[in-house]
Amino acid sequence: MAVETGQSVAPAAGGDARGRGRGTGEKSKEAPGPLRRALATHWYAWAMVAPVVIVIGVIIGYPLVRGIWLSLTDADEANVARTIGVNEIEATYEFIGLENYTAILTDSVFWDRLGWTVLWTVGCVSVTFLLGLVLATMLNRKLRGRAVYRIAIILPWGIPAFVSVFAWQMLFNEKNGILNRILEGGGIDAVPWLGDPTWAKISVIAVNVWLGVPFMLVALLGALQAIPSELLEAAEVDGANAWQRFRNVTLPGIRSVSSTVVLLSTIWTFNMFPVIYLLTRGGPGDSTEILVTYAYRLSFLNSPRDFATSAAWGVLILLLLMLFAVFYRRSLRKQGEVW
């Protein structure tokens, strides 16, 4: 019995010792960090995203950093690196800090352009949203030929912007334009659509609204169709009229989509270069010049071309849009929206 007892105890003791040894060894190894765990778990997703991140970094990241650096210098057409014939001239521009920003912010030109840019953006986005909502509400109902109407309204979205702008430029022609011909037929004097500052502003807003309504219509129509019909039927059973159903059911139902499209439309309109430049070139005079077209003028049209000041204007435009996005996001959070 003593021998059997010794044999049974020894393996048990050895097993305990080996168990303790394995436990100690496992504790001595360092646990992988969260980054290593994420890479090990989602390596396929990281591999798929990596090319996109690299391309965006090259296409957007480098020009952004380069533009910020140029805005802190005195770079212009005369002191940047350039090649003349077989001669290569090195860059001689210097770092000057925030002098370009100080000069811009203390100049009335910037504030005049900013005021019109804000007015242009608010006017275009508000009218586009209202028209898109009205048309989406109409097309959300059952009516004969609804598919034809949808295609006709979405058609401007499928035409390149520069083609549409050139077509509108012909329509706005003061002497031979179709619009003035129609007015003359009704006994009304020709309107200087692109020759008068006020009419030119109205014209560029009208063209941009015409280009932007299809996007707003498609987005809001999708949001309207996503609202459960049971909610509208329940409100109608409770005695709510059409306006009450629209205000208390439809508008809250499309709030998340409408807040997103308003943000996107604001950013696009704030930087809408083609409509302004191709239709009026910022004229007459500089009455329709917005921030982005003036930055383009500084860098490509004026002589000598001022690359540093143009870059500073671009950085200020970016900062303004970032501030707007931050405040817009905070206002949505206060209303209970998640963005």
# chains A, B, ... in the order shown; residues from 1 in each chain; ligands from 1
>>> residues_around(residues="stretch 201-215 of chain A", least_positions_apart="5", cutoff="6 Å", atoms="only C-alpha atoms", output="ChimeraX atom specification")
/A:124,128,132,154,157
>>> closest_atom_pairs(of="stretch 79-193 of chain A", to="stretch 271-284 of chain A", cutoff="9 Å", atoms="only C-alpha atoms", output="tab-separated table")
residue	atom	partner	partner_atom	distance
A:Thr117	CA	A:Asn271	CA	9.0
A:Ala161	CA	A:Pro274	CA	7.3
A:Phe162	CA	A:Pro274	CA	6.7
A:Val165	CA	A:Leu279	CA	6.2
A:Phe166	CA	A:Leu279	CA	7.1
A:Trp168	CA	A:Leu279	CA	7.9
A:Gln169	CA	A:Leu279	CA	6.0
>>> atom_distance(atom1="atom CA of A:Gly67", atom2="atom CA of A:Phe307")
8.9 Å
>>> residues_around(residues="A:Asn100", least_positions_apart="4", cutoff="7 Å", atoms="only C-alpha atoms", output="MDAnalysis selection string")
chainID A and resid 71:72 104 309 312
>>> select_by_dssp(residues="stretch 49-124 of chain A", states="alpha helix (DSSP H)", output="PyMOL selection string")
chain A and resi 49-56+62-71+99-105+108-124
>>> write_last_selection(atoms="C-alpha atoms", output="short mmCIF file (atom, residue, chain, number, x, y, z; two decimals), in the first residue's frame")
data_model
loop_
_atom_site.label_atom_id
_atom_site.label_comp_id
_atom_site.auth_asym_id
_atom_site.auth_seq_id
_atom_site.Cartn_x
_atom_site.Cartn_y
_atom_site.Cartn_z
CA VAL A 49 -8.64 50.25 -47.22
CA ALA A 50 -4.89 50.84 -47.47
CA PRO A 51 -4.77 51.68 -51.22
CA VAL A 52 -7.58 54.21 -50.84
CA VAL A 53 -5.88 55.85 -47.85
CA ILE A 54 -2.59 56.05 -49.74
CA VAL A 55 -4.19 57.57 -52.84
CA ILE A 56 -6.14 60.11 -50.78
CA TYR A 62 0.37 66.56 -50.13
CA PRO A 63 -1.34 69.52 -51.88
CA LEU A 64 -2.90 70.56 -48.57
CA VAL A 65 0.43 70.55 -46.73
CA ARG A 66 2.10 72.26 -49.68
CA GLY A 67 -0.57 74.94 -49.78
CA ILE A 68 -0.29 75.63 -46.05
CA TRP A 69 3.49 75.97 -46.42
CA LEU A 70 3.19 78.34 -49.40
CA SER A 71 0.70 80.50 -47.47
CA GLU A 99 1.90 88.16 -42.83
CA ASN A 100 -0.29 86.98 -45.70
CA TYR A 101 -3.16 86.18 -43.34
CA THR A 102 -2.81 89.53 -41.59
CA ALA A 103 -2.89 91.37 -44.91
CA ILE A 104 -5.97 89.45 -46.08
CA LEU A 105 -7.97 89.84 -42.87
CA SER A 108 -11.89 95.03 -47.15
CA VAL A 109 -11.67 92.89 -50.30
CA PHE A 110 -11.79 89.71 -48.25
CA TRP A 111 -14.80 90.79 -46.22
CA ASP A 112 -16.68 91.98 -49.31
CA ARG A 113 -16.06 88.64 -51.02
CA LEU A 114 -17.00 86.76 -47.86
CA GLY A 115 -20.29 88.66 -47.51
CA TRP A 116 -21.37 87.86 -51.07
CA THR A 117 -20.15 84.25 -50.74
CA VAL A 118 -22.31 83.75 -47.64
CA LEU A 119 -25.31 85.40 -49.33
CA TRP A 120 -24.77 83.28 -52.44
CA THR A 121 -24.50 80.09 -50.38
CA VAL A 122 -27.53 80.76 -48.19
CA GLY A 123 -29.66 81.81 -51.16
CA CYS A 124 -28.74 78.81 -53.30
#
>>> residues_around(residues="A:Val191", least_positions_apart="4", cutoff="12 Å", atoms="only C-alpha atoms", output="MDAnalysis selection string")
chainID A and resid 171:184 195:200 202:203
>>> atom_distance(atom1="atom CA of A:Leu220", atom2="atom CA of A:Met322")
24.8 Å
>>> atom_distance(atom1="atom CA of A:Ala235", atom2="atom CA of A:Thr250")
10.8 Å
>>> residues_around(residues="A:Met216", least_positions_apart="4", cutoff="12 Å", atoms="only C-alpha atoms", output="MDAnalysis selection string")
chainID A and resid 124:137 153:154 157 209:212 220:223 257:266
>>> closest_residue(among="A:Ala219, A:Leu224, A:Leu98, A:Leu318", to="A:Arg141", atoms="only C-alpha atoms")
A:Leu224
>>> residues_around(residues="A:Leu320", least_positions_apart="3", cutoff="12 Å", atoms="only C-alpha atoms", output="list in words")
Leu114, Thr117, Val118, Thr266, Ile267, Phe270, Asn271, Leu291, Trp313, Gly314, Val315, Leu316, Ile317, Leu323, Phe324, Ala325, Val326 and Phe327 of chain A
>>> select_by_dssp(residues="stretch 58-291 of chain A", states="strand (DSSP E or B)", output="JSON, numbers by chain")
{"A": [73, 82, 83, 84, 87, 88, 89, 95]}
